[in-house]
Every structure is written in C-alpha cells, then in structure tokens.
Amino acid sequence: MARLLVGKPVAQKIQEEIKKEIKMLLSRPVLVSIMVGDNASALAYINAQKKVAQDLGIEYQLHKLGTETKETTLIETIKKLNTDHSVNGIIVQMPLPVQIDYKKISQFIHPQKDVEGINPLNMGKIVFGQAEILPCTAAAVMELLNQTDIDLYGKEVVVVGHSEIVGKPLALLLLDKFATITVCHIATSEAGRLEDHVKSADVLVVAVGKANLIKGDWIKEGAVVIDVGINRVGEKIVGDVEFEEAERRASYITPVPAGVGPLTVTMLMRNLLRATKLQQNDL
Ligand code: NAD
C-alpha cells in the first residue's frame, strides 16, 4: 500500500520559510493579479491566492478587465505594471477570452516579475539548469518528489501531458536529475502506446485532465505516482489516475485534490519572493 504524498504539510513548511524571509525584505511584496472577464474557477483560484498572500504578509491586488478587452489593452496594462516599481509580481489568470493569445501575453511580462515562470526567458533558463523562477505546478511536483526517498538518477520517469506549464518544464527539470524521461501525450494514446510506457515508469507524473485515463493495473509495483489532473466527476474532484488500484501498487501516490494542488499557490508565493529579491539585487 502506497504512502500518501500530501501537499499541505509541505506547503506549510515552505510558507513558514517564505514568511520569515518576507519580514526581512525592505518592503512588503506586492502581487498584481489580472483577471480578464468572469470565470468561476479563476475566482476560486484567486481567492485561494489572496488568502495565502494575506497569511504571508504579501499585498494582493486584483485588476479586473472586461470580457471584451483587446489583446493590445492587456499588453499595455502589463507594460505599465512592468515599469511600476511598487509592483513585484504579475499573474494573468486563466482562462483568457478567445481574442487573447496566452503565449503572446507571456512574452510581455517582465522576466523579473513573472511569478508564474511563463516568460520565454524564464522557460529558457530551465534548459540551462539556471532557472530562478519555475512554473508553479512543475515546481510543486519537484517538491513532492523531494519528499520521497527516491533517487531519480537513472530512473525511468514517464510524464503524461506536454503542456507548457507542466509537462514540458517538468521533463527538463527531471532530466537535470539524470532521470531517463519519456513524455507521452495525446498522440501516444492514439498510437495505442500509453499503457506500455506507463507500465515501465519508476516515477509517473500525469497532467492531462481526463478522469481515470491511467488504469490502476498499469502502475509498476513500487512506482512513485504524482497525479496533477483535476477533474470534476459529479460532486467529486478526482485526478487522472484510477486511485484505489494504483494506491495498492505504488510506493507513494498523491491524493487528488490534496496532493499537488495545495502546493501550487505556495510555489507562486515563493516565486514572488524570488522575483522581489531579484528586483532588489539580493539573489
Ligand atoms: P493541457 O490541456 O494544456 O494539456 C493536456 C495534455 O494532455 C496535452 O499534452 C495533451 O496532449 C495530453 N492529453 C490529452 N488527452 C490525452 C490522452 N488521452 N492521453 C494522453 N495524453 C493526453 O493541460 P494542463 O494545463 O497541463 O493541465 C493538465 C491537468 O492538470 C488539468 O486537469 C489541470 O486542471 C491540471 N492542473 C492542475 C494544477 C494543480 O495545481 N494541481 C495546475 C495546473 C494544471
């Protein structure tokens, strides 16, 4: 039976460290969150961020823009925040309306204020193993892996999902630990190869967004399983992995929603602290 990799205690420990460091800063860090249009899930995420920010002594400002906001207007807003010395971090909430291209927007957030680690410069630094600001979810997964006793050196690691915010940066971070990485995605499934790859994984990370995509009996005995997926099934939130069977086979497994989720916001705040220090030439 697997040990549960629960996010909250890890998050609390890191938050204590962040709190101490924030007290030593010259001024209270300011995080600006931009929301374009109205979205219930974005609001839930914003409220969670606001609460953690408050606990840590961070000022959280929400800028709301209308659903019809043009891409150029959002870019102008970001540029103003980039040059505003009272602002330390900028986050653009997802989802964005169709007229706004998220990949384009990510290029305009100043790399030292890019608390989600999505600017191409911050992404590029991951390739060189020199990243100061990491995409939050990828960083959360690395923190959870740190909680296990697994030495990633030479291990077979399978990442399912190749998004810019999770799968791709994570593959690079794991590569830096000298793991052997296989990245699977929709085409892997379509080619009928997903099961074979998953069965070979000493460490499995799944970030797809499809409930029960990964069958419990695909999990290798003793594997470490990190389930990033969040899916609503009726009243329940579940991950991408069939939990009960996987739990019987794995050595460690994250529960959903109590695994990766609680750590992601903490990683955002850690990024804000790093961003603030970079701005103060203190890193
Ligand atoms: P995305 O939609 O950008 O990417 C999905 C990935 O899954 C793609 O690589 C796609 O090719 C792959 N995929 C789709 N169907 C597949 C299939 N049948 N077989 C194999 N691969 C398939 O997703 P994302 O933004 O990376 O998010 C993925 C999941 O993680 C979502 O459920 C999201 O809610 C969740 N998430 C959780 C957190 C957290 O804090 N816990 C943070 C970010 C995302």
# chains A, B, ... in the order shown; residues from 1 in each chain; ligands from 1
>>> residues_near_ligand(ligand="ligand 1", cutoff="6 Å", atoms="only C-alpha atoms and all ligand atoms", output="ChimeraX atom specification")
/A:137,160-163,165-166,185-186,189,207-209,228-231,260-261,264
>>> write_last_selection(atoms="C-alpha atoms", output="mmCIF file, in the first residue's frame")
data_model
loop_
_atom_site.group_PDB
_atom_site.id
_atom_site.type_symbol
_atom_site.label_atom_id
_atom_site.label_comp_id
_atom_site.auth_asym_id
_atom_site.auth_seq_id
_atom_site.Cartn_x
_atom_site.Cartn_y
_atom_site.Cartn_z
ATOM 1 C CA THR A 137 2.943 23.316 -10.943
ATOM 2 C CA VAL A 160 1.947 12.137 -19.382
ATOM 3 C CA GLY A 161 0.921 15.556 -20.743
ATOM 4 C CA HIS A 162 3.189 18.004 -22.562
ATOM 5 C CA SER A 163 1.748 21.426 -21.746
ATOM 6 C CA ILE A 165 3.160 24.945 -17.747
ATOM 7 C CA VAL A 166 3.518 21.357 -16.550
ATOM 8 C CA HIS A 185 0.661 12.945 -24.914
ATOM 9 C CA ILE A 186 -2.485 12.556 -26.962
ATOM 10 C CA SER A 189 -2.652 7.336 -26.669
ATOM 11 C CA ALA A 207 -1.067 16.060 -16.108
ATOM 12 C CA VAL A 208 -3.808 15.578 -18.666
ATOM 13 C CA GLY A 209 -7.245 16.430 -17.285
ATOM 14 C CA VAL A 228 -1.620 16.572 -11.326
ATOM 15 C CA GLY A 229 -5.000 16.204 -13.044
ATOM 16 C CA ILE A 230 -8.101 17.881 -11.675
ATOM 17 C CA ASN A 231 -11.444 16.560 -12.912
ATOM 18 C CA VAL A 260 -0.174 18.773 -5.868
ATOM 19 C CA GLY A 261 -2.961 21.384 -5.619
ATOM 20 C CA THR A 264 0.931 25.245 -6.368
#
>>> select_by_dssp(residues="range 81-265 of chain A", states="strand (DSSP E or B)", output="JSON, numbers by chain")
{"A": [89, 90, 91, 92, 114, 156, 157, 158, 159, 160, 180, 181, 182, 183, 184, 203, 204, 205, 206, 214, 224, 225, 226, 227, 231, 232, 233, 236, 237, 238, 241, 252, 253]}
>>> closest_residue(among="A:His197, A:Lys210, A:His85, A:Lys155", to="Val224 in chain A", atoms="only C-alpha atoms")
A:Lys155
>>> closest_residue(among="A:Glu244, A:Glu116, A:Asp149, A:Glu221", to="Gly89 in chain A", atoms="only C-alpha atoms")
A:Glu116
>>> closest_residue(among="A:Val205, A:Val36, A:Ile18, A:Ile78", to="Gln99 in chain A", atoms="only C-alpha atoms")
A:Val36
>>> residues_around(residues="Leu170 in chain A", least_positions_apart="4", cutoff="8 Å", atoms="only C-alpha atoms", output="list in words")
Ala138, Ala139, Val141, Met142, Val166 and Leu174 of chain A
>>> closest_residue(among="A:Gly7, A:Lys113, A:Gly57, A:Leu81", to="Gln279 in chain A", atoms="only C-alpha atoms")
A:Lys113
>>> residues_around(residues="Ala131 in chain A", least_positions_apart="6", cutoff="10 Å", atoms="only C-alpha atoms", output="PDB file with C-alpha atoms, in the first residue's frame")
ATOM      1  CA  GLY A 117       7.574  31.365 -14.720  1.00  0.00           C
ATOM      2  CA  LEU A 121      13.418  33.837 -20.791  1.00  0.00           C
ATOM      3  CA  ASN A 122      12.495  32.038 -17.576  1.00  0.00           C
ATOM      4  CA  MET A 123      11.472  28.958 -19.553  1.00  0.00           C
ATOM      5  CA  GLY A 124      14.751  29.092 -21.483  1.00  0.00           C
ATOM      6  CA  LYS A 125      16.786  29.245 -18.264  1.00  0.00           C
ATOM      7  CA  LEU A 173      13.782  19.588 -14.526  1.00  0.00           C
TER       8      LEU A 173
END
>>> closest_residue(among="A:Val92, A:Leu213, A:Val233, A:Val241", to="Met35 in chain A", atoms="only C-alpha atoms")
A:Val92
